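Shown below: input10.cif, with mmCIF, C-alpha atoms.
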```
data_data
#
loop_
_atom_site.label_atom_id
_atom_site.label_comp_id
_atom_site.auth_asym_id
_atom_site.auth_seq_id
_atom_site.Cartn_x
_atom_site.Cartn_y
_atom_site.Cartn_z
CA MET A 22 118.80 111.64 100.10
CA ALA A 23 116.79 109.07 101.98
CA SER A 24 119.47 108.25 104.54
CA ASP A 25 116.88 108.05 107.32
CA LYS A 26 115.36 105.08 105.50
CA VAL A 27 118.56 103.06 105.79
CA MET A 28 118.74 101.06 109.03
CA GLN A 29 122.04 100.92 110.92
CA LEU A 30 122.55 97.38 112.20
CA ASN A 31 124.87 96.07 114.90
CA ASP A 32 125.88 92.61 116.09
CA ALA A 33 123.19 92.67 118.80
CA ASP A 34 120.14 93.44 116.64
CA PHE A 35 121.25 91.75 113.41
CA ASP A 36 119.58 88.31 113.76
CA ALA A 37 116.22 89.75 114.78
CA THR A 38 116.21 92.19 111.88
CA ILE A 39 116.95 89.70 109.10
CA ALA A 40 114.45 87.21 110.50
CA GLY A 41 111.53 89.59 109.91
CA ASP A 42 108.72 89.21 107.36
CA GLN A 43 110.31 91.61 104.91
CA PRO A 44 113.53 90.64 103.11
CA THR A 45 116.61 92.67 104.09
CA LEU A 46 119.52 93.94 102.02
CA VAL A 47 122.59 94.50 104.22
CA ASP A 48 125.50 96.63 103.01
CA PHE A 49 128.63 95.60 104.94
CA TRP A 50 130.96 98.59 104.85
CA ALA A 51 133.64 100.55 106.67
CA PRO A 52 134.47 104.25 106.81
CA TRP A 53 137.98 103.76 105.32
CA CYS A 54 136.74 101.88 102.26
CA GLY A 55 136.58 103.93 99.06
CA PRO A 56 134.28 101.68 97.02
CA CYS A 57 131.93 101.53 100.04
CA LYS A 58 131.69 105.30 99.90
CA ALA A 59 131.11 105.17 96.15
CA ILE A 60 128.18 102.79 96.47
CA GLY A 61 126.64 104.65 99.45
CA PRO A 62 124.33 107.00 97.50
CA VAL A 63 122.97 104.10 95.45
CA VAL A 64 122.06 102.13 98.58
CA GLU A 65 120.30 105.19 99.99
CA GLU A 66 118.41 105.71 96.75
CA LEU A 67 117.23 102.08 96.81
CA ALA A 68 116.01 102.52 100.38
CA GLY A 69 113.68 105.23 99.13
CA GLU A 70 112.50 103.36 96.06
CA TYR A 71 111.92 100.00 97.76
CA GLU A 72 110.40 101.31 100.99
CA GLY A 73 107.77 98.88 102.23
CA LYS A 74 109.06 96.03 100.04
CA ILE A 75 112.52 95.35 101.45
CA GLN A 76 114.47 96.60 104.44
CA ILE A 77 117.72 98.29 103.47
CA ALA A 78 120.39 98.24 106.15
CA LYS A 79 124.08 98.98 106.65
CA MET A 80 126.54 97.36 109.01
CA ASN A 81 129.85 98.94 109.90
CA VAL A 82 132.30 96.01 109.98
CA ASP A 83 134.76 98.00 112.09
CA ASP A 84 132.32 98.31 114.97
CA ASN A 85 130.73 94.88 114.49
CA PRO A 86 133.25 92.05 114.05
CA VAL A 87 130.95 89.12 114.86
CA THR A 88 128.37 89.20 112.05
CA PRO A 89 130.80 89.71 109.12
CA GLY A 90 132.85 86.78 110.46
CA LYS A 91 129.76 84.59 110.59
CA PHE A 92 129.09 85.20 106.89
CA GLY A 93 132.73 84.82 105.86
CA ILE A 94 133.02 88.41 104.68
CA ARG A 95 136.59 89.12 103.60
CA ALA A 96 136.00 92.01 101.21
CA ILE A 97 133.92 95.15 101.31
CA PRO A 98 131.58 96.41 100.23
CA THR A 99 129.71 93.11 100.37
CA LEU A 100 125.93 93.28 100.01
CA ILE A 101 123.87 90.30 101.14
CA VAL A 102 120.15 89.92 100.68
CA PHE A 103 118.35 87.89 103.37
CA LYS A 104 114.89 86.38 103.42
CA ALA A 105 113.41 84.86 106.59
CA GLY A 106 116.88 84.83 108.14
CA GLU A 107 118.53 82.97 105.25
CA VAL A 108 121.03 84.25 102.68
CA VAL A 109 119.41 84.52 99.25
CA ASP A 110 122.43 85.87 97.37
CA GLN A 111 125.33 88.28 97.69
CA ILE A 112 127.58 90.54 95.69
CA THR A 113 130.97 92.14 96.37
CA GLY A 114 132.39 95.40 95.08
CA ALA A 115 131.09 98.81 94.02
CA VAL A 116 128.60 97.48 91.49
CA GLY A 117 126.05 99.58 89.63
CA LYS A 118 122.46 100.17 90.61
CA SER A 119 121.05 97.73 88.08
CA GLN A 120 123.07 94.88 89.61
CA LEU A 121 121.77 95.79 93.06
CA VAL A 122 118.22 95.87 91.72
CA ASP A 123 118.77 92.37 90.30
CA LEU A 124 120.04 91.24 93.72
CA ILE A 125 117.00 92.70 95.52
CA ASN A 126 114.60 91.15 93.02
CA LYS A 127 115.89 87.69 93.92
CA ALA A 128 114.28 88.10 97.35
CA LEU A 129 111.01 89.74 96.29
CA MET B 1 113.19 118.65 86.94
CA GLU B 2 115.86 117.04 84.80
CA LYS B 3 116.71 118.62 81.48
CA SER B 4 116.83 116.49 78.35
CA HIS B 5 119.64 118.31 76.53
CA TYR B 6 122.95 119.78 77.69
CA GLU B 7 125.70 121.60 75.83
CA LEU B 8 128.23 119.40 77.62
CA VAL B 9 128.01 116.06 79.38
CA ILE B 10 130.93 114.82 81.48
CA LEU B 11 130.73 111.07 81.86
CA GLY B 12 132.44 109.88 85.05
CA GLY B 13 133.36 111.46 88.38
CA GLY B 14 137.00 110.57 89.02
CA PRO B 15 139.84 113.13 88.99
CA ALA B 16 139.42 113.86 85.25
CA GLY B 17 135.65 114.25 85.47
CA LEU B 18 135.65 116.37 88.63
CA THR B 19 138.30 118.70 87.18
CA ALA B 20 136.33 118.94 83.93
CA GLY B 21 133.24 119.78 85.98
CA LEU B 22 135.11 122.48 87.87
CA TYR B 23 136.35 124.11 84.67
CA ALA B 24 132.99 123.76 82.91
CA SER B 25 131.11 125.31 85.79
CA ARG B 26 133.54 128.22 86.08
CA ALA B 27 133.27 128.73 82.31
CA ARG B 28 129.48 128.84 82.76
CA ILE B 29 128.99 126.03 80.25
CA ASP B 30 125.59 124.33 80.42
CA HIS B 31 126.78 120.97 81.77
CA VAL B 32 126.05 117.86 83.79
CA LEU B 33 128.48 115.36 85.30
CA ILE B 34 127.12 111.83 85.40
CA GLU B 35 128.45 109.35 87.96
CA LYS B 36 126.86 106.06 88.97
CA GLY B 37 127.86 106.32 92.63
CA ALA B 38 129.67 108.83 94.80
CA PRO B 39 132.38 110.75 92.89
CA GLY B 40 136.01 109.74 93.41
CA GLY B 41 136.92 106.98 91.01
CA GLN B 42 139.73 104.50 91.47
CA VAL B 43 141.77 106.86 93.64
CA LEU B 44 139.28 106.19 96.43
CA THR B 45 140.98 102.81 96.83
CA THR B 46 144.51 104.25 96.95
CA ASP B 47 145.91 104.06 100.45
CA TRP B 48 148.27 106.98 100.17
CA VAL B 49 148.98 109.56 97.46
CA ASP B 50 152.53 110.90 97.72
CA ASN B 51 152.98 112.32 94.24
CA TYR B 52 150.18 114.85 93.81
CA PRO B 53 151.78 118.30 93.91
CA GLY B 54 150.56 120.73 96.54
CA PHE B 55 150.31 118.13 99.29
CA PRO B 56 153.89 117.84 100.58
CA GLU B 57 152.90 115.54 103.44
CA GLY B 58 150.90 113.26 101.14
CA LEU B 59 147.30 112.30 101.83
CA SER B 60 145.01 109.31 101.45
CA GLY B 61 143.32 108.75 98.09
CA PHE B 62 140.04 108.91 99.99
CA ASP B 63 140.84 112.38 101.41
CA LEU B 64 142.16 113.68 98.10
CA MET B 65 138.97 112.72 96.31
CA GLU B 66 136.81 114.16 99.07
CA LYS B 67 138.67 117.45 98.61
CA MET B 68 138.24 117.30 94.83
CA THR B 69 134.53 116.60 95.21
CA ASP B 70 134.14 119.47 97.68
CA HIS B 71 136.06 121.71 95.31
CA ALA B 72 133.72 120.83 92.44
CA LYS B 73 130.67 121.40 94.65
CA ARG B 74 131.95 124.79 95.77
CA PHE B 75 131.58 125.90 92.14
CA ASP B 76 128.18 124.24 91.79
CA VAL B 77 129.19 121.48 89.42
CA ASN B 78 125.95 119.83 88.38
CA ILE B 79 126.33 116.18 89.43
CA LEU B 80 123.73 113.59 88.47
CA THR B 81 123.84 110.15 90.12
CA LYS B 82 122.71 107.77 87.40
CA GLU B 83 123.94 104.64 85.70
CA VAL B 84 124.51 104.94 81.97
CA ALA B 85 123.48 101.91 79.92
CA SER B 86 124.66 103.04 76.48
CA VAL B 87 126.14 105.96 74.58
CA ASP B 88 125.57 106.82 70.92
CA CYS B 89 127.81 109.43 69.27
CA SER B 90 125.99 109.59 65.97
CA PRO B 91 125.07 111.71 64.17
CA PRO B 92 128.15 113.85 65.00
CA GLY B 93 127.09 116.85 67.08
CA THR B 94 124.37 114.97 68.91
CA ASN B 95 125.34 112.41 71.49
CA THR B 96 122.69 110.35 73.21
CA LEU B 97 123.12 108.77 76.65
CA ARG B 98 120.61 106.16 77.71
CA PHE B 99 120.29 105.34 81.40
CA SER B 100 119.61 101.99 83.04
CA ASP B 101 116.20 103.30 84.16
CA GLY B 102 115.14 103.76 80.52
CA SER B 103 115.40 107.57 80.40
CA SER B 104 117.89 109.38 78.18
CA ILE B 105 119.54 112.75 77.56
CA THR B 106 121.37 114.30 74.62
CA CYS B 107 124.34 116.63 74.45
CA SER B 108 126.22 118.67 71.86
CA SER B 109 129.58 117.84 73.38
CA LEU B 110 130.75 114.91 75.47
CA ILE B 111 133.80 114.35 77.65
CA ILE B 112 134.35 110.68 78.41
CA CYS B 113 136.12 110.08 81.73
CA CYS B 114 134.87 106.60 82.58
CA GLY B 115 138.22 105.51 83.96
CA ALA B 116 139.35 101.94 84.34
CA SER B 117 138.93 98.94 86.63
CA PRO B 118 141.30 96.26 87.94
CA ASN B 119 142.10 93.43 85.55
CA LYS B 120 141.03 89.92 86.40
CA LEU B 121 143.45 87.02 86.11
CA ARG B 122 140.82 84.73 84.58
CA ILE B 123 142.02 81.57 86.31
CA PRO B 124 140.03 78.81 88.01
CA GLY B 125 138.81 79.75 91.49
CA GLU B 126 139.10 83.50 90.99
CA LEU B 127 135.42 84.20 90.41
CA GLU B 128 134.20 81.50 92.80
CA LEU B 129 136.29 82.83 95.71
CA SER B 130 135.87 86.53 94.94
CA GLY B 131 135.12 88.28 98.21
CA LYS B 132 136.13 85.09 100.05
CA GLY B 133 139.85 85.66 99.96
CA VAL B 134 140.21 86.97 96.41
CA SER B 135 140.43 90.76 96.44
CA TYR B 136 141.26 93.59 94.06
CA CYS B 137 141.63 96.28 96.74
CA GLY B 138 144.24 96.00 99.48
CA THR B 139 143.22 99.21 101.21
CA CYS B 140 139.61 97.98 101.42
CA ASP B 141 140.19 94.48 102.64
CA ALA B 142 143.58 94.39 104.40
CA PRO B 143 142.07 94.57 107.91
CA PHE B 144 140.34 91.22 107.32
CA TYR B 145 143.77 89.56 107.09
CA ARG B 146 145.24 90.28 110.52
CA ASN B 147 148.09 87.80 111.22
CA MET B 148 147.34 85.80 108.09
CA ASN B 149 149.50 84.95 105.10
CA VAL B 150 148.52 86.65 101.87
CA ALA B 151 149.82 86.88 98.32
CA VAL B 152 149.93 89.86 96.00
CA ILE B 153 150.02 89.15 92.30
CA GLY B 154 151.64 91.80 90.12
CA GLY B 155 154.75 93.94 89.93
CA GLY B 156 153.56 97.47 89.17
CA ASP B 157 153.07 100.48 91.44
CA THR B 158 149.69 99.36 92.72
CA ALA B 159 150.85 95.83 93.54
CA VAL B 160 153.94 97.00 95.42
CA GLU B 161 152.13 99.80 97.28
CA GLU B 162 149.31 97.52 98.33
CA ALA B 163 151.76 94.82 99.44
CA GLU B 164 153.43 97.34 101.70
CA TYR B 165 150.05 98.41 103.08
CA LEU B 166 149.06 94.79 103.70
CA THR B 167 152.13 94.23 105.92
CA ARG B 168 150.48 96.45 108.51
CA PHE B 169 147.92 93.69 109.03
CA ALA B 170 149.12 90.41 107.56
CA ARG B 171 151.81 88.18 109.05
CA LYS B 172 153.54 87.70 105.71
CA VAL B 173 152.97 89.10 102.22
CA THR B 174 154.33 87.25 99.19
CA ILE B 175 154.58 89.16 95.93
CA ILE B 176 154.26 86.81 92.97
CA HIS B 177 155.50 88.28 89.73
CA ARG B 178 155.80 86.76 86.28
CA ARG B 179 159.09 88.53 85.53
CA ASP B 180 162.43 88.71 87.37
CA GLU B 181 162.14 92.40 88.22
CA LEU B 182 159.46 94.83 89.31
CA ARG B 183 157.98 97.49 87.08
CA ALA B 184 157.03 99.70 90.05
CA THR B 185 158.59 103.14 90.63
CA LYS B 186 162.08 102.79 92.14
CA ILE B 187 161.22 104.45 95.46
CA LEU B 188 158.37 101.98 95.96
CA GLN B 189 160.69 99.06 95.14
CA GLU B 190 163.20 100.25 97.74
CA ILE B 191 160.50 100.36 100.41
CA ALA B 192 159.27 96.87 99.50
CA PHE B 193 162.76 95.29 99.42
CA ALA B 194 163.51 96.78 102.85
CA ASN B 195 160.33 95.34 104.39
CA ASP B 196 161.01 92.07 106.27
CA LYS B 197 157.39 90.98 105.96
CA ILE B 198 157.47 90.99 102.14
CA ASP B 199 158.77 87.93 100.28
CA PHE B 200 159.10 87.60 96.51
CA ILE B 201 158.43 84.73 94.14
CA TRP B 202 159.87 85.66 90.74
CA ASN B 203 159.25 84.37 87.22
CA THR B 204 156.04 82.71 88.31
CA ARG B 205 152.39 82.68 87.31
CA VAL B 206 149.41 81.63 89.39
CA THR B 207 147.45 78.93 87.58
CA SER B 208 144.57 78.45 90.01
CA ILE B 209 143.16 79.59 93.33
CA GLU B 210 141.95 76.77 95.56
CA GLY B 211 139.76 76.51 98.65
CA THR B 212 136.44 75.01 99.60
CA LYS B 213 134.73 77.97 101.27
CA GLU B 214 137.59 80.43 101.40
CA VAL B 215 140.97 80.79 99.75
CA GLU B 216 143.39 78.13 101.05
CA ARG B 217 146.21 77.93 98.52
CA LEU B 218 147.53 78.98 95.12
CA GLN B 219 148.92 76.71 92.44
CA LEU B 220 152.04 78.20 90.87
CA LEU B 221 153.89 77.63 87.63
CA ASN B 222 157.46 78.85 87.31
CA ASN B 223 158.64 80.01 83.90
CA ASP B 224 161.09 77.04 83.92
CA GLY B 225 158.13 74.66 84.05
CA THR B 226 158.26 73.61 87.70
CA THR B 227 155.07 73.73 89.73
CA SER B 228 154.46 74.40 93.41
CA SER B 229 151.74 75.55 95.75
CA LEU B 230 151.55 78.34 98.31
CA GLU B 231 149.31 78.30 101.38
CA VAL B 232 147.60 81.68 101.80
CA GLN B 233 144.32 82.92 103.22
CA GLY B 234 144.08 85.84 100.84
CA VAL B 235 145.20 86.80 97.37
CA PHE B 236 145.24 90.35 96.02
CA ILE B 237 145.16 90.55 92.24
CA LEU B 238 146.78 93.82 91.11
CA ILE B 239 147.82 93.22 87.53
CA GLY B 240 146.89 96.44 85.80
CA ILE B 241 143.65 97.87 84.58
CA THR B 242 141.06 97.51 81.88
CA PRO B 243 139.12 100.49 80.46
CA ASN B 244 135.52 101.04 81.58
CA ASN B 245 134.28 101.17 77.99
CA GLN B 246 131.34 98.75 78.24
CA VAL B 247 128.70 101.43 77.58
CA LEU B 248 130.70 103.27 74.90
CA PRO B 249 130.14 102.93 71.14
CA LEU B 250 133.44 101.26 70.27
CA ASP B 251 132.29 100.86 66.69
CA GLN B 252 132.25 104.66 66.43
CA LEU B 253 135.19 105.67 68.63
CA ASP B 254 138.78 104.94 67.66
CA HIS B 255 140.51 102.87 70.33
CA ASP B 256 143.68 100.87 70.84
CA ASN B 257 143.98 97.08 71.10
CA TRP B 258 143.08 97.18 74.79
CA GLY B 259 139.98 99.36 74.34
CA PHE B 260 141.45 102.66 75.55
CA LEU B 261 140.21 105.64 73.51
CA LYS B 262 142.55 107.26 71.00
CA THR B 263 142.70 111.05 71.18
CA ASP B 264 144.85 113.86 69.82
CA ALA B 265 147.03 116.11 71.99
CA GLU B 266 143.95 118.22 72.83
CA THR B 267 141.98 115.16 74.05
CA ALA B 268 139.70 115.09 70.97
CA THR B 269 138.54 111.67 69.79
CA ASN B 270 137.85 110.91 66.13
CA ILE B 271 134.26 112.16 66.55
CA PRO B 272 133.84 115.97 66.51
CA GLY B 273 132.67 117.23 69.90
CA VAL B 274 133.62 114.04 71.74
CA PHE B 275 136.64 114.15 74.04
CA ALA B 276 138.29 111.71 76.43
CA ALA B 277 140.25 112.40 79.60
CA GLY B 278 141.88 110.36 82.36
CA ASP B 279 142.53 106.63 82.50
CA ILE B 280 140.16 105.81 79.62
CA ARG B 281 142.56 107.54 77.20
CA SER B 282 145.15 105.54 75.33
CA LYS B 283 148.40 106.93 76.79
CA LEU B 284 151.67 106.19 78.52
CA MET B 285 150.96 107.25 82.10
CA ARG B 286 147.86 107.01 84.24
CA GLN B 287 148.09 109.16 87.36
CA VAL B 288 145.82 111.62 89.17
CA VAL B 289 148.00 114.50 88.10
CA ASN B 290 147.61 113.99 84.36
CA ALA B 291 143.96 112.93 84.63
CA CYS B 292 143.19 116.35 86.13
CA GLY B 293 145.14 118.14 83.43
CA GLU B 294 143.36 116.27 80.68
CA GLY B 295 139.97 116.98 82.26
CA ALA B 296 140.69 120.71 82.25
CA ASN B 297 142.04 120.58 78.70
CA ALA B 298 139.02 118.68 77.44
CA VAL B 299 136.66 121.39 78.72
CA ILE B 300 138.52 124.13 76.88
CA ALA B 301 138.61 121.98 73.72
CA ALA B 302 134.87 121.32 74.10
CA GLU B 303 134.22 125.02 74.61
CA HIS B 304 136.04 125.78 71.35
CA TYR B 305 134.00 123.14 69.61
CA LEU B 306 130.73 124.56 70.97
CA MET B 307 131.66 128.11 69.95
CA GLN B 308 132.60 127.09 66.42
CA LYS B 309 129.38 125.17 66.02
CA THR B 310 127.08 128.11 66.72
#
```
Please express the file's structure as structure tokens.
Amino acid sequence: MASDKVMQLNDADFDATIAGDQPTLVDFWAPWCGPCKAIGPVVEELAGEYEGKIQIAKMNVDDNPVTPGKFGIRAIPTLIVFKAGEVVDQITGAVGKSQLVDLINKAL
Amino acid sequence: MEKSHYELVILGGGPAGLTAGLYASRARIDHVLIEKGAPGGQVLTTDWVDNYPGFPEGLSGFDLMEKMTDHAKRFDVNILTKEVASVDCSPPGTNTLRFSDGSSITCSSLIICCGASPNKLRIPGELELSGKGVSYCGTCDAPFYRNMNVAVIGGGDTAVEEAEYLTRFARKVTIIHRRDELRATKILQEIAFANDKIDFIWNTRVTSIEGTKEVERLQLLNNDGTTSSLEVQGVFILIGITPNNQVLPLDQLDHDNWGFLKTDAETATNIPGVFAAGDIRSKLMRQVVNACGEGANAVIAAEHYLMQKT
């Protein structure tokens, strides 16, 4: 698995990361969330397949309360795709890979 | 290198699928278990499992499924992480599974354990505010509702269990149920009735979920025709399940009115060599304990089928 290709974001480095040239997909998750665990391998797979095209990142909402609050996140997993610092689109729940690919393609 | 044909494909990695994998691997059947994400299924979202024998102290659904996955891996169950786009069970004896990436595999025997997903209410505001106060998983999202007022819609085991779990975070939890009594297991009802933080609104349906950016209130309709509204910041919709049959050939497989697959006592569907186990089966009770039993049974039935064929 390409887990080393998934960035781990925190409240401090979040803004700078999503403002970069490359779009970013952020998976907001928590260790106690079953569907987050279910979707984990898919996110890691995408990080390998889309390397160089989009940044794939995860944010633990337990450790980082500020950013999820800013984006009104009230359910996890929520995956948001950003481009130049702006939200392009988002999806909630343990969706399949094809739906995540569709989400990524909106920012490419 | 991925093979293109297997004697047995197990579709789905919840309790039924993982148990089927365990039995298939120990029986040395040429098999693959296909799961779109990490194995575990719906149980992953269950806060606490108190009725699975062998665990007298109970354990979280998350832990139980981690143990089941580890157990399957100990016996080298062949797990493939891929999303199935369609299944074709004809001609009988050859089943074809097409994946979302365009590739496909065939198998002589197939055990369908795709499980089920939470039902939607299909009312205005539900889709629009999904993830913004509308949730289908209390154990996932409860911590976002610290000191807030939330509603739980439903009256079954899941609704009552999740309401109880939500009281650990929320200020008040209101269970809204369309009947005048709960369907949940008696011991769960007793716990809910004894909890000061849980209120009940009986004989009532929710007609819409309102809020500009996040959930603000629910519009309610009592069975006697009176209407009212309830201010809440979150609403948990736990009104039963719908089968995950979207990729299955329902024109080939016998199913009930709700789309659950019809099987005989040995888990065989109407198509020779195709079996179903777990929540996807048309049956009376959907619990981890019988899903596992059906998964094991399906493997033995499939093994018989494979032996007779050759």
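As for atom CA of B:Leu230 and atom CA of B:Ala151, they are spaced 8.7 Å apart.
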Do you have, as a tab-separated table, the list of residues of chain A lying at most 9 Å from chain B, each with its nearest atom pair and that distance in Å to one decimal, counting only C-alpha atoms and ordered by chain then number?
```
residue	atom	partner	partner_atom	distance
A:Ala51	CA	B:Cys140	CA	8.4
A:Trp53	CA	B:Cys140	CA	7.2
A:Cys54	CA	B:Cys140	CA	4.9
A:Gly55	CA	B:Leu44	CA	4.4
A:Pro56	CA	B:Leu44	CA	6.8
A:Cys57	CA	B:Cys140	CA	8.6
A:Lys58	CA	B:Ala38	CA	6.5
A:Ala59	CA	B:Ala38	CA	4.2
A:Ile60	CA	B:Gly37	CA	5.2
A:Gly61	CA	B:Ala38	CA	6.9
A:Pro62	CA	B:Gly37	CA	6.1
A:Val63	CA	B:Gly37	CA	6.1
A:Gly93	CA	B:Lys132	CA	6.7
A:Ile94	CA	B:Lys132	CA	6.5
A:Arg95	CA	B:Lys132	CA	5.4
A:Ala96	CA	B:Gly131	CA	4.9
A:Ile97	CA	B:Cys140	CA	6.4
A:Pro98	CA	B:Cys140	CA	8.3
A:Thr99	CA	B:Gly131	CA	7.6
A:Ile112	CA	B:Gly131	CA	8.3
A:Thr113	CA	B:Gly131	CA	6.0
A:Gly114	CA	B:Gly131	CA	8.2
A:Ala115	CA	B:Gly37	CA	8.3
A:Val116	CA	B:Gly37	CA	8.9
A:Gly117	CA	B:Lys36	CA	6.6
A:Lys118	CA	B:Glu83	CA	6.8
A:Ser119	CA	B:Ser100	CA	6.8
```
Hits from the PyMOL selection byres ((chain B and resi 289-303) around 10), listed as a PyMOL selection string: chain B and resi 7-8+10+14-25+27+29+51-53+108-113+115+265-268+272-281+285-288+304-309
Surrounding residues of A:Ile39 excluding itself and chain neighbours under 4 positions, 8 Å, all atoms listed in the file, as a PyMOL selection string: chain A and resi 35+44-45+103-107
Distance query A:Asp123 at most 12 Å, all atoms listed in the file, self and fewer than 6 positions along chain excluded, as a list in words: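 So the residues in contact are Leu46, Leu67, Val102, Val109, Asp110, Gln111, Ile112, Val116, Gly117 and Leu129 of chain A.
With atom CA of B:Asp76 on one side and atom CA of B:His31 on the other, the separation reads 10.6 Å.
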Explicit residue set for the PyMOL selection byres ((chain B and resi 166-182) around 10), as an MDAnalysis selection string: chainID B and resid 138:139 141:157 159:165 183:186 188:189 192 195:206 220:223 230 232:237 239
Who sits within 9 Å of A:Pro86, only C-alpha atoms, same chain under 5 positions skipped, as a ChimeraX atom specification: /A:32,81,91
Which of B:Leu238, B:Gly54, B:Ala116, B:Gln219 sits closest to B:Leu261 [using all atoms listed in the file]: B:Ala116
Between atom CA of B:Leu121 and atom CA of B:Gly211, distance in Å (one decimal): 16.8 Å
Result set, the PyMOL selection byres ((chain A and resi 25) around 12) on current file, as a VMD selection string: chain A and resid 22 to 24 26 to 29 64 to 66 68 to 69 72 77 to 79
Polymer residues at most 6 Å from B:Asn119, all atoms listed in the file, same-chain spacing of 3 or more positions, as a list in words: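 Here the qualifying residues turn out to be Gly240, Ile241 and Thr242 of chain B.
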Please provide the set of residues having any atom within 10 Å of B:Ile271, restricted to only C-alpha atoms, with same-chain residues fewer than 4 positions apart removed, written as a compact mmCIF listing (two decimals) with C-alpha atoms, keeping the file's coordinate frame.
```
# COMPACT_ATOMS: atom_id res chain seq x y z
CA CYS B 89 127.81 109.43 69.27
CA SER B 90 125.99 109.59 65.97
CA PRO B 91 125.07 111.71 64.17
CA PRO B 92 128.15 113.85 65.00
CA GLY B 93 127.09 116.85 67.08
CA LEU B 110 130.75 114.91 75.47
CA GLN B 252 132.25 104.66 66.43
CA LEU B 253 135.19 105.67 68.63
CA ASP B 254 138.78 104.94 67.66
CA THR B 263 142.70 111.05 71.18
CA PHE B 275 136.64 114.15 74.04
```
